>>> print(open('structure_6.cif').read())   # mmCIF, C-alpha atoms and all ligand atoms
data_coords
#
loop_
_atom_site.group_PDB
_atom_site.id
_atom_site.type_symbol
_atom_site.label_atom_id
_atom_site.label_comp_id
_atom_site.auth_asym_id
_atom_site.auth_seq_id
_atom_site.Cartn_x
_atom_site.Cartn_y
_atom_site.Cartn_z
ATOM 1 C CA MET A 1 33.725 8.936 -13.220
ATOM 2 C CA THR A 2 32.159 8.255 -16.599
ATOM 3 C CA ALA A 3 30.262 10.862 -18.560
ATOM 4 C CA ARG A 4 27.044 9.011 -17.846
ATOM 5 C CA LYS A 5 27.651 9.068 -14.121
ATOM 6 C CA LYS A 6 28.263 12.814 -14.310
ATOM 7 C CA VAL A 7 24.717 13.222 -15.565
ATOM 8 C CA ARG A 8 23.515 11.678 -12.355
ATOM 9 C CA SER A 9 25.638 13.680 -9.928
ATOM 10 C CA GLY A 10 24.851 16.904 -11.757
ATOM 11 C CA MET A 11 21.161 16.234 -11.468
ATOM 12 C CA ILE A 12 20.730 17.919 -8.112
ATOM 13 C CA ASN A 13 21.332 21.365 -9.555
ATOM 14 C CA THR A 14 19.694 20.839 -12.918
ATOM 15 C CA VAL A 15 16.133 20.913 -14.107
ATOM 16 C CA LEU A 16 14.751 17.591 -12.961
ATOM 17 C CA THR A 17 12.345 17.211 -15.854
ATOM 18 C CA ASP A 18 15.322 17.123 -18.247
ATOM 19 C CA TYR A 19 16.757 14.189 -16.395
ATOM 20 C CA LYS A 20 16.792 10.878 -18.243
ATOM 21 C CA TYR A 21 16.811 7.802 -16.073
ATOM 22 C CA SER A 22 18.132 5.710 -18.906
ATOM 23 C CA GLU A 23 21.394 7.696 -18.735
ATOM 24 C CA VAL A 24 22.270 6.426 -15.267
ATOM 25 C CA ASP A 25 24.633 3.481 -14.860
ATOM 26 C CA ASP A 26 23.617 0.665 -12.521
ATOM 27 C CA MET A 27 20.140 2.074 -12.149
ATOM 28 C CA ASP A 28 18.988 -1.241 -10.659
ATOM 29 C CA LYS A 29 21.098 -0.460 -7.574
ATOM 30 C CA SER A 30 19.439 2.919 -6.983
ATOM 31 C CA PRO A 31 16.946 3.297 -4.134
ATOM 32 C CA ILE A 32 13.174 3.148 -4.365
ATOM 33 C CA GLY A 33 11.418 6.223 -2.970
ATOM 34 C CA VAL A 34 8.278 5.598 -0.939
ATOM 35 C CA PHE A 35 6.196 8.607 -0.038
ATOM 36 C CA ASP A 36 3.146 9.467 2.057
ATOM 37 C CA SER A 37 1.601 12.546 3.646
ATOM 38 C CA GLY A 38 2.992 11.227 6.922
ATOM 39 C CA VAL A 39 3.720 7.965 8.721
ATOM 40 C CA GLY A 40 0.887 5.959 7.079
ATOM 41 C CA GLY A 41 2.814 4.832 4.006
ATOM 42 C CA ILE A 42 4.995 2.760 6.326
ATOM 43 C CA SER A 43 2.193 0.154 6.096
ATOM 44 C CA VAL A 44 2.895 -0.059 2.357
ATOM 45 C CA LEU A 45 6.674 0.044 2.786
ATOM 46 C CA SER A 46 6.477 -3.011 5.048
ATOM 47 C CA LYS A 47 4.773 -5.056 2.309
ATOM 48 C CA ILE A 48 7.271 -3.846 -0.278
ATOM 49 C CA ILE A 49 10.248 -4.817 1.907
ATOM 50 C CA GLU A 50 8.740 -8.281 2.421
ATOM 51 C CA LEU A 51 8.395 -8.730 -1.322
ATOM 52 C CA LEU A 52 11.639 -7.026 -2.395
ATOM 53 C CA PRO A 53 14.157 -7.404 0.454
ATOM 54 C CA ASN A 54 17.155 -6.757 -1.818
ATOM 55 C CA GLU A 55 16.263 -3.165 -2.566
ATOM 56 C CA LYS A 56 17.363 0.079 -0.924
ATOM 57 C CA TYR A 57 14.566 2.368 0.265
ATOM 58 C CA ILE A 58 14.137 6.038 1.072
ATOM 59 C CA TYR A 59 10.850 6.667 2.864
ATOM 60 C CA TYR A 60 9.663 10.276 2.944
ATOM 61 C CA GLY A 61 6.778 11.234 5.234
ATOM 62 C CA ASP A 62 5.410 14.750 4.825
ATOM 63 C CA SER A 63 3.958 15.004 8.338
ATOM 64 C CA ALA A 64 4.612 18.763 8.439
ATOM 65 C CA ASN A 65 1.848 19.103 5.840
ATOM 66 C CA ALA A 66 -0.439 16.239 6.950
ATOM 67 C CA PRO A 67 -3.299 15.612 6.739
ATOM 68 C CA TYR A 68 -3.574 15.958 2.959
ATOM 69 C CA GLY A 69 -7.119 14.594 2.897
ATOM 70 C CA VAL A 70 -8.778 17.852 3.914
ATOM 71 C CA LYS A 71 -6.701 20.118 1.652
ATOM 72 C CA SER A 72 -7.343 21.392 -1.879
ATOM 73 C CA ASP A 73 -6.251 19.478 -4.974
ATOM 74 C CA GLU A 74 -3.706 22.159 -5.834
ATOM 75 C CA GLU A 75 -2.143 22.087 -2.365
ATOM 76 C CA VAL A 76 -1.829 18.292 -2.432
ATOM 77 C CA PHE A 77 -0.350 18.400 -5.921
ATOM 78 C CA ALA A 78 2.239 20.991 -4.861
ATOM 79 C CA PHE A 79 3.246 19.005 -1.744
ATOM 80 C CA THR A 80 3.534 15.810 -3.763
ATOM 81 C CA GLU A 81 5.573 17.427 -6.522
ATOM 82 C CA ALA A 82 7.967 18.915 -3.940
ATOM 83 C CA VAL A 83 8.542 15.479 -2.371
ATOM 84 C CA PHE A 84 9.136 13.953 -5.816
ATOM 85 C CA GLU A 85 11.897 16.494 -6.412
ATOM 86 C CA LYS A 86 13.552 15.612 -3.114
ATOM 87 C CA LEU A 87 13.438 11.889 -3.896
ATOM 88 C CA LEU A 88 14.734 12.425 -7.428
ATOM 89 C CA GLU A 89 17.635 14.465 -6.069
ATOM 90 C CA ARG A 90 18.527 11.303 -4.185
ATOM 91 C CA GLY A 91 18.566 9.317 -7.436
ATOM 92 C CA CYS A 92 15.510 7.111 -6.871
ATOM 93 C CA LYS A 93 14.829 4.672 -9.691
ATOM 94 C CA ALA A 94 11.127 4.489 -8.856
ATOM 95 C CA ILE A 95 8.688 6.314 -6.604
ATOM 96 C CA VAL A 96 5.781 4.675 -4.812
ATOM 97 C CA VAL A 97 3.065 7.112 -3.827
ATOM 98 C CA ALA A 98 1.976 5.220 -0.704
ATOM 99 C CA CYS A 99 -0.902 7.616 -0.144
ATOM 100 C CA ASN A 100 -4.370 7.132 -1.629
ATOM 101 C CA THR A 101 -5.072 10.859 -1.471
ATOM 102 C CA ALA A 102 -1.887 11.963 -3.265
ATOM 103 C CA THR A 103 -2.337 9.166 -5.812
ATOM 104 C CA SER A 104 -5.816 10.263 -6.771
ATOM 105 C CA VAL A 105 -4.863 13.929 -6.988
ATOM 106 C CA ALA A 106 -1.336 13.932 -8.393
ATOM 107 C CA VAL A 107 -0.148 10.710 -10.014
ATOM 108 C CA ARG A 108 -1.574 11.258 -13.481
ATOM 109 C CA ARG A 109 0.063 14.691 -13.782
ATOM 110 C CA LEU A 110 3.348 13.475 -12.341
ATOM 111 C CA ARG A 111 3.475 10.590 -14.824
ATOM 112 C CA GLU A 112 3.158 13.154 -17.609
ATOM 113 C CA LYS A 113 5.928 15.287 -16.099
ATOM 114 C CA TYR A 114 8.339 12.423 -15.304
ATOM 115 C CA SER A 115 7.517 10.143 -18.200
ATOM 116 C CA ASP A 116 10.760 8.131 -17.795
ATOM 117 C CA LEU A 117 10.242 7.351 -14.141
ATOM 118 C CA THR A 118 8.494 4.300 -12.702
ATOM 119 C CA ILE A 119 5.680 5.747 -10.588
ATOM 120 C CA ILE A 120 3.378 3.445 -8.635
ATOM 121 C CA GLY A 121 0.229 4.672 -6.910
ATOM 122 C CA ILE A 122 -2.228 3.074 -4.515
ATOM 123 C CA GLU A 123 -6.004 2.931 -4.644
ATOM 124 C CA PRO A 124 -8.685 1.550 -2.306
ATOM 125 C CA ALA A 125 -8.832 -2.257 -2.700
ATOM 126 C CA ILE A 126 -12.496 -2.296 -3.722
ATOM 127 C CA LYS A 127 -11.914 -4.796 -6.522
ATOM 128 C CA PRO A 128 -10.726 -7.716 -4.343
ATOM 129 C CA ALA A 129 -13.346 -6.916 -1.712
ATOM 130 C CA ALA A 130 -16.183 -6.854 -4.284
ATOM 131 C CA GLU A 131 -14.945 -10.056 -5.907
ATOM 132 C CA LYS A 132 -14.817 -11.889 -2.573
ATOM 133 C CA HIS A 133 -18.156 -10.532 -1.333
ATOM 134 C CA PRO A 134 -20.565 -10.430 -4.289
ATOM 135 C CA GLY A 135 -23.794 -8.795 -3.141
ATOM 136 C CA GLY A 136 -22.074 -7.888 0.129
ATOM 137 C CA ARG A 137 -21.974 -4.699 2.156
ATOM 138 C CA ILE A 138 -18.593 -3.079 1.675
ATOM 139 C CA VAL A 139 -17.504 -0.031 3.655
ATOM 140 C CA VAL A 140 -14.734 2.069 2.106
ATOM 141 C CA MET A 141 -12.973 4.193 4.718
ATOM 142 C CA ALA A 142 -10.885 7.013 3.231
ATOM 143 C CA THR A 143 -10.116 10.698 3.405
ATOM 144 C CA SER A 144 -12.663 13.242 2.178
ATOM 145 C CA LEU A 145 -10.430 14.124 -0.750
ATOM 146 C CA THR A 146 -10.028 10.519 -1.940
ATOM 147 C CA LEU A 147 -13.780 9.942 -1.808
ATOM 148 C CA ARG A 148 -14.472 13.160 -3.704
ATOM 149 C CA ARG A 149 -12.271 12.326 -6.687
ATOM 150 C CA LYS A 150 -13.424 10.948 -10.018
ATOM 151 C CA LYS A 151 -11.133 7.941 -9.589
ATOM 152 C CA PHE A 152 -13.256 6.839 -6.651
ATOM 153 C CA ALA A 153 -16.530 7.598 -8.475
ATOM 154 C CA ASN A 154 -15.315 5.295 -11.266
ATOM 155 C CA LEU A 155 -14.575 2.483 -8.797
ATOM 156 C CA MET A 156 -18.011 2.970 -7.202
ATOM 157 C CA ALA A 157 -19.724 2.839 -10.587
ATOM 158 C CA ARG A 158 -17.829 -0.301 -11.539
ATOM 159 C CA TYR A 159 -18.347 -2.357 -8.395
ATOM 160 C CA GLY A 160 -21.494 -0.712 -7.012
ATOM 161 C CA GLU A 161 -23.681 -2.756 -9.358
ATOM 162 C CA THR A 162 -22.812 -6.063 -7.755
ATOM 163 C CA SER A 163 -22.117 -4.967 -4.156
ATOM 164 C CA GLU A 164 -23.381 -2.334 -1.796
ATOM 165 C CA ILE A 165 -20.479 0.104 -1.510
ATOM 166 C CA ILE A 166 -20.668 2.513 1.424
ATOM 167 C CA PRO A 167 -18.126 5.369 1.400
ATOM 168 C CA MET A 168 -17.121 6.449 4.897
ATOM 169 C CA GLU A 169 -15.216 9.729 5.225
ATOM 170 C CA CYS A 170 -12.928 9.697 8.224
ATOM 171 C CA PRO A 171 -11.678 13.221 8.909
ATOM 172 C CA GLY A 172 -9.505 13.172 12.017
ATOM 173 C CA LEU A 173 -8.512 9.499 11.846
ATOM 174 C CA VAL A 174 -5.128 10.191 10.234
ATOM 175 C CA GLU A 175 -4.312 12.457 13.191
ATOM 176 C CA PHE A 176 -4.759 9.613 15.714
ATOM 177 C CA VAL A 177 -2.019 7.690 13.904
ATOM 178 C CA GLU A 178 0.219 10.711 13.342
ATOM 179 C CA GLN A 179 0.018 11.471 17.065
ATOM 180 C CA ASP A 180 0.761 7.865 18.036
ATOM 181 C CA ASP A 181 -2.634 7.664 19.737
ATOM 182 C CA MET A 182 -3.772 4.237 18.617
ATOM 183 C CA ASP A 183 -5.084 2.634 21.805
ATOM 184 C CA SER A 184 -7.150 5.379 23.381
ATOM 185 C CA ARG A 185 -10.809 5.408 24.361
ATOM 186 C CA GLU A 186 -11.141 8.521 22.201
ATOM 187 C CA LEU A 187 -10.184 6.490 19.151
ATOM 188 C CA ALA A 188 -12.699 3.757 20.035
ATOM 189 C CA ALA A 189 -15.406 6.399 20.502
ATOM 190 C CA TYR A 190 -14.468 8.062 17.203
ATOM 191 C CA LEU A 191 -14.759 4.760 15.312
ATOM 192 C CA GLU A 192 -18.018 3.815 17.046
ATOM 193 C CA ARG A 193 -19.517 7.117 15.948
ATOM 194 C CA ARG A 194 -18.423 6.520 12.343
ATOM 195 C CA TYR A 195 -19.952 3.031 12.335
ATOM 196 C CA GLU A 196 -23.277 4.219 13.739
ATOM 197 C CA MET A 197 -24.138 5.205 10.171
ATOM 198 C CA LEU A 198 -24.429 1.506 9.257
ATOM 199 C CA GLY A 199 -27.282 0.868 11.677
ATOM 200 C CA LYS A 200 -28.000 -2.741 12.608
ATOM 201 C CA LYS A 201 -26.908 -4.290 9.323
ATOM 202 C CA LYS A 202 -23.179 -4.928 9.678
ATOM 203 C CA ALA A 203 -20.499 -4.695 7.010
ATOM 204 C CA ASP A 204 -19.199 -7.847 5.323
ATOM 205 C CA ALA A 205 -15.971 -6.154 4.328
ATOM 206 C CA VAL A 206 -14.092 -2.969 5.132
ATOM 207 C CA VAL A 207 -11.658 -1.448 2.655
ATOM 208 C CA LEU A 208 -8.945 0.682 4.245
ATOM 209 C CA GLY A 209 -8.645 3.407 1.620
ATOM 210 C CA CYS A 210 -5.955 5.367 3.468
ATOM 211 C CA THR A 211 -2.517 4.014 4.268
ATOM 212 C CA HIS A 212 -2.644 5.271 7.857
ATOM 213 C CA TYR A 213 -5.602 3.047 8.733
ATOM 214 C CA PRO A 214 -3.868 -0.392 8.798
ATOM 215 C CA PHE A 215 -2.164 0.741 12.017
ATOM 216 C CA VAL A 216 -5.584 0.812 13.714
ATOM 217 C CA LYS A 217 -6.979 -2.166 11.830
ATOM 218 C CA ASP A 218 -7.948 -4.108 14.979
ATOM 219 C CA ARG A 219 -9.779 -1.119 16.381
ATOM 220 C CA ILE A 220 -11.618 -0.676 13.085
ATOM 221 C CA GLN A 221 -12.594 -4.330 13.076
ATOM 222 C CA GLU A 222 -14.027 -4.025 16.604
ATOM 223 C CA ALA A 223 -16.069 -0.991 15.567
ATOM 224 C CA ALA A 224 -17.285 -2.756 12.419
ATOM 225 C CA GLY A 225 -18.613 -5.616 14.524
ATOM 226 C CA GLY A 226 -15.789 -8.144 14.386
ATOM 227 C CA GLN A 227 -17.049 -10.177 11.432
ATOM 228 C CA ALA A 228 -15.930 -7.852 8.651
ATOM 229 C CA VAL A 229 -13.013 -8.905 6.462
ATOM 230 C CA ILE A 230 -10.488 -6.078 6.160
ATOM 231 C CA TYR A 231 -8.798 -5.202 2.845
ATOM 232 C CA ASP A 232 -6.064 -2.760 2.008
ATOM 233 C CA GLY A 233 -4.173 -1.945 -1.170
ATOM 234 C CA SER A 234 -0.606 -2.363 0.033
ATOM 235 C CA ARG A 235 0.007 -5.911 -1.203
ATOM 236 C CA GLY A 236 -1.343 -5.025 -4.661
ATOM 237 C CA THR A 237 0.883 -1.957 -4.751
ATOM 238 C CA ALA A 238 3.966 -3.998 -3.825
ATOM 239 C CA ASN A 239 3.143 -6.569 -6.532
ATOM 240 C CA GLU A 240 2.685 -3.835 -9.122
ATOM 241 C CA LEU A 241 6.032 -2.265 -8.170
ATOM 242 C CA LYS A 242 7.780 -5.596 -8.603
ATOM 243 C CA ARG A 243 6.088 -6.205 -11.954
ATOM 244 C CA ARG A 244 6.986 -2.772 -13.322
ATOM 245 C CA LEU A 245 10.625 -2.875 -12.142
ATOM 246 C CA SER A 246 11.000 -6.342 -13.570
ATOM 247 C CA LEU A 247 9.674 -5.208 -16.981
ATOM 248 C CA LYS A 248 12.352 -2.487 -17.044
ATOM 249 C CA SER A 249 15.056 -4.853 -15.692
ATOM 250 C CA LEU A 250 15.412 -2.550 -12.702
ATOM 251 C CA LEU A 251 15.089 -5.049 -9.861
ATOM 252 C CA ALA A 252 18.178 -5.168 -7.642
ATOM 253 C CA GLU A 253 19.797 -8.550 -7.957
ATOM 254 C CA GLU A 254 21.756 -8.567 -4.719
ATOM 255 C CA ASN A 255 21.107 -7.151 -1.339
ATOM 256 C CA GLN A 256 22.095 -3.485 -1.544
ATOM 257 C CA ALA A 257 23.299 -3.206 2.042
ATOM 258 C CA GLY A 258 24.810 -6.634 2.382
ATOM 259 C CA SER A 259 22.264 -7.508 5.053
ATOM 260 C CA PRO A 260 20.566 -10.917 5.108
ATOM 261 C CA ASP A 261 17.360 -11.544 3.193
ATOM 262 C CA ILE A 262 14.583 -11.091 5.700
ATOM 263 C CA LEU A 263 12.488 -13.928 4.431
ATOM 264 C CA ASP A 264 14.924 -16.719 5.145
ATOM 265 C CA THR A 265 16.628 -15.568 8.325
ATOM 266 C CA ASP A 266 15.664 -14.452 11.798
ATOM 267 C CA ILE A 267 14.052 -11.094 11.444
ATOM 268 C CA SER A 268 16.067 -8.493 13.309
ATOM 269 C CA ALA A 269 16.549 -4.741 13.168
ATOM 270 C CA ASP A 270 19.605 -5.448 11.010
ATOM 271 C CA VAL A 271 17.445 -5.932 7.937
ATOM 272 C CA PHE A 272 16.558 -2.283 8.011
ATOM 273 C CA SER A 273 20.070 -1.159 7.119
ATOM 274 C CA ASN A 274 18.779 -0.690 3.555
ATOM 275 C CA VAL A 275 16.022 1.660 4.727
ATOM 276 C CA GLU A 276 16.328 5.385 5.302
ATOM 277 C CA ILE A 277 13.396 7.274 6.812
ATOM 278 C CA LEU A 278 12.995 11.025 6.397
ATOM 279 C CA ASN A 279 10.159 13.180 7.655
ATOM 280 C CA SER A 280 9.442 16.854 6.954
ATOM 281 C CA ALA A 281 8.298 17.312 10.578
ATOM 282 C CA GLY A 282 11.623 16.098 11.937
ATOM 283 C CA LYS A 283 13.146 13.439 14.122
ATOM 284 C CA GLU A 284 10.146 12.603 16.301
ATOM 285 C CA LYS A 285 7.975 11.546 13.340
ATOM 286 C CA ALA A 286 10.885 9.675 11.768
ATOM 287 C CA GLU A 287 11.267 7.744 15.035
ATOM 288 C CA LEU A 288 7.542 7.024 15.140
ATOM 289 C CA SER A 289 7.836 5.725 11.566
ATOM 290 C CA TRP A 290 10.607 3.336 12.620
ATOM 291 C CA ARG A 291 8.528 2.046 15.535
ATOM 292 C CA LEU A 292 5.526 1.519 13.257
ATOM 293 C CA LEU A 293 7.652 -0.268 10.663
ATOM 294 C CA LYS A 294 9.085 -2.665 13.233
ATOM 295 C CA ARG A 295 5.704 -3.233 14.852
ATOM 296 C CA ILE A 296 3.889 -3.988 11.604
ATOM 297 C CA MET A 297 6.686 -6.356 10.540
ATOM 298 C CA GLY A 298 6.539 -8.128 13.903
ATOM 299 C CA ILE A 299 9.979 -7.075 15.115
ATOM 300 C CA ARG A 300 10.485 -6.324 18.797
ATOM 301 C CA ASN A 301 13.706 -4.309 18.975
HETATM 302 N N1 LIG A 401 -2.091 8.099 4.060
HETATM 303 C C1 LIG A 401 -2.899 9.054 3.323
HETATM 304 C C2 LIG A 401 -3.831 8.289 2.383
HETATM 305 O O1 LIG A 401 -3.576 7.125 2.080
HETATM 306 C C3 LIG A 401 -3.518 9.972 4.317
HETATM 307 C C4 LIG A 401 -3.999 11.231 3.738
HETATM 308 C C5 LIG A 401 -3.957 12.411 4.665
HETATM 309 O O2 LIG A 401 -2.861 12.870 4.975
HETATM 310 O O3 LIG A 401 -5.043 12.907 4.966
HETATM 311 O O4 LIG A 401 -4.806 8.814 1.885
#
>>> encode(input="structure_6.cif", output="structure tokens")
Amino acid sequence: MTARKKVRSGMINTVLTDYKYSEVDDMDKSPIGVFDSGVGGISVLSKIIELLPNEKYIYYGDSANAPYGVKSDEEVFAFTEAVFEKLLERGCKAIVVACNTATSVAVRRLREKYSDLTIIGIEPAIKPAAEKHPGGRIVVMATSLTLRRKKFANLMARYGETSEIIPMECPGLVEFVEQDDMDSRELAAYLERRYEMLGKKKADAVVLGCTHYPFVKDRIQEAAGGQAVIYDGSRGTANELKRRLSLKSLLAEENQAGSPDILDTDISADVFSNVEILNSAGKEKAELSWRLLKRIMGIRN
């Protein structure tokens, strides 16, 4: 083992902030950490895998502490920081915060703390929605915490001049997804009640400002009246990850698990051999995450 590799293996028991990513050999082969308050970030992971099938992934869902969206800033920061430490112990070369709430609360501070690390956040896709629907009615569904933050106020101020932006807090919606309750009448009734606030004038676009919501996208579209175009930030996040890894020459060149590229072969469960899913609430939520990942990527087995 070289001296440089020793730095990496010793990292687990050392102060993580002292760790220098540049000291690790073959950093491009290290995994990418993807993190959410629970199972929602799987919607982002699916887009990242499609774009970067050669990479290794560790997905960490913090379902034991979900939902984040109704907690205090300090609680969310502490949960997020704790997950970062777990992912860094595993030698991740980059961390994607696949959670709008954790991004708005914690990413700026974590970038200061881990200045060497590639950290990608997600934000509600208001920009593409406003650009496609100038003068339109745009609903932004998100957690209470995301909508309360300055980051969101800035987006509102920027795009609210040319479009009508309607923030819609959705407390309780994350729980439907976490509990694998995505087809029930209760969910339909919940969404109908949220959309009553719009009155007769329907939305032109709906921005899914929480990574759990794409799993109930069809239900949201029904409640919004069927005509609304749905936007979410996962594709933009995947593109940004690719751009940033490429700038640092950290993209994996070959498939890390020796499995076939998913884009040019039959998609099968085999492609997931480069993905590890962990969840703070245990096996049941990890299994739900796997089911959601396969479902959203159109895989049956
Ligand atoms: N997926 C998280 C987000 O994007 C959900 C937050 C929560 O746990 O309340 O905001």
>>> residues_around(input="structure_6.cif", residues="Ala203 in chain A", least_positions_apart="5", cutoff="8 Å", atoms="all atoms listed in the file", output="CSV table (one decimal) with C-alpha atoms, keeping the file's coordinate frame")
chain,number,residue,atom,x,y,z
A,136,GLY,CA,-22.1,-7.9,0.1
A,137,ARG,CA,-22.0,-4.7,2.2
A,138,ILE,CA,-18.6,-3.1,1.7
A,139,VAL,CA,-17.5,0.0,3.7
A,198,LEU,CA,-24.4,1.5,9.3
A,224,ALA,CA,-17.3,-2.8,12.4
A,225,GLY,CA,-18.6,-5.6,14.5
A,227,GLN,CA,-17.0,-10.2,11.4
A,228,ALA,CA,-15.9,-7.9,8.7
>>> residues_near_point(input="structure_6.cif", point="(2.3, 11.9, 5.5)", cutoff="10 Å", atoms="only C-alpha atoms", output="PDB file with C-alpha atoms, keeping the file's coordinate frame")
ATOM      1  CA  PHE A  35       6.196   8.607  -0.038  1.00  0.00           C
ATOM      2  CA  ASP A  36       3.146   9.467   2.057  1.00  0.00           C
ATOM      3  CA  SER A  37       1.601  12.546   3.646  1.00  0.00           C
ATOM      4  CA  GLY A  38       2.992  11.227   6.922  1.00  0.00           C
ATOM      5  CA  VAL A  39       3.720   7.965   8.721  1.00  0.00           C
ATOM      6  CA  GLY A  40       0.887   5.959   7.079  1.00  0.00           C
ATOM      7  CA  GLY A  41       2.814   4.832   4.006  1.00  0.00           C
ATOM      8  CA  ILE A  42       4.995   2.760   6.326  1.00  0.00           C
ATOM      9  CA  TYR A  60       9.663  10.276   2.944  1.00  0.00           C
ATOM     10  CA  GLY A  61       6.778  11.234   5.234  1.00  0.00           C
ATOM     11  CA  ASP A  62       5.410  14.750   4.825  1.00  0.00           C
ATOM     12  CA  SER A  63       3.958  15.004   8.338  1.00  0.00           C
ATOM     13  CA  ALA A  64       4.612  18.763   8.439  1.00  0.00           C
ATOM     14  CA  ASN A  65       1.848  19.103   5.840  1.00  0.00           C
ATOM     15  CA  ALA A  66      -0.439  16.239   6.950  1.00  0.00           C
ATOM     16  CA  PRO A  67      -3.299  15.612   6.739  1.00  0.00           C
ATOM     17  CA  TYR A  68      -3.574  15.958   2.959  1.00  0.00           C
ATOM     18  CA  ALA A  98       1.976   5.220  -0.704  1.00  0.00           C
ATOM     19  CA  CYS A  99      -0.902   7.616  -0.144  1.00  0.00           C
ATOM     20  CA  ALA A 102      -1.887  11.963  -3.265  1.00  0.00           C
ATOM     21  CA  VAL A 174      -5.128  10.191  10.234  1.00  0.00           C
ATOM     22  CA  GLU A 178       0.219  10.711  13.342  1.00  0.00           C
ATOM     23  CA  THR A 211      -2.517   4.014   4.268  1.00  0.00           C
ATOM     24  CA  HIS A 212      -2.644   5.271   7.857  1.00  0.00           C
ATOM     25  CA  ASN A 279      10.159  13.180   7.655  1.00  0.00           C
ATOM     26  CA  SER A 280       9.442  16.854   6.954  1.00  0.00           C
ATOM     27  CA  ALA A 281       8.298  17.312  10.578  1.00  0.00           C
ATOM     28  CA  LYS A 285       7.975  11.546  13.340  1.00  0.00           C
TER      29      LYS A 285
END
>>> atom_distance(input="structure_6.cif", atom1="CA of Asn100 in chain A", atom2="CA of Ile126 in chain A")
12.6 Å
>>> resolve_selection(input="structure_6.cif", expression="the PyMOL selection byres (((chain A and resi 78-91) around 7) and not hetatm)", output="list in words")
Met11, Ile12, Ser30, Gly33, Glu74, Glu75, Val76, Phe77, Cys92, Lys93, Ala102 and Ala106 of chain A
>>> atom_distance(input="structure_6.cif", atom1="atom C4 of ligand LIG 401 (chain A)", atom2="CA of Gly199 in chain A")
26.7 Å
>>> axis_aligned_box(input="structure_6.cif", around="ligand LIG 401 (chain A)", padding_each_side="6 Å", output="AutoDock Vina command-line options")
--center_x -3.6 --center_y 10.0 --center_z 3.4 --size_x 15.0 --size_y 17.8 --size_z 15.1
>>> closest_residue(input="structure_6.cif", among="A:Glu284, A:Leu51, A:Ala157, A:Val177", to="Gly236 in chain A", atoms="only C-alpha atoms")
A:Leu51
>>> atom_distance(input="structure_6.cif", atom1="CA of Leu241 in chain A", atom2="CA of Ser104 in chain A")
17.3 Å
>>> closest_residue(input="structure_6.cif", among="A:Ile58, A:Val216, A:Ser115, A:Glu240", to="Asp180 in chain A", atoms="all atoms listed in the file")
A:Val216
>>> resolve_selection(input="structure_6.cif", expression="the PyMOL selection byres (((chain A and resi 128) around 12) and not hetatm)", output="list in words")
Glu123, Pro124, Ala125, Ile126, Lys127, Ala129, Ala130, Glu131, Lys132, His133, Pro134, Ile138, Leu155, Tyr159, Ser163, Ala205, Val206, Val207, Val229, Ile230, Tyr231, Asp232, Gly233, Arg235 and Gly236 of chain A
>>> closest_residue(input="structure_6.cif", among="A:Leu117, A:Glu164, A:Met27, A:Leu251", to="Lys201 in chain A", atoms="only C-alpha atoms")
A:Glu164
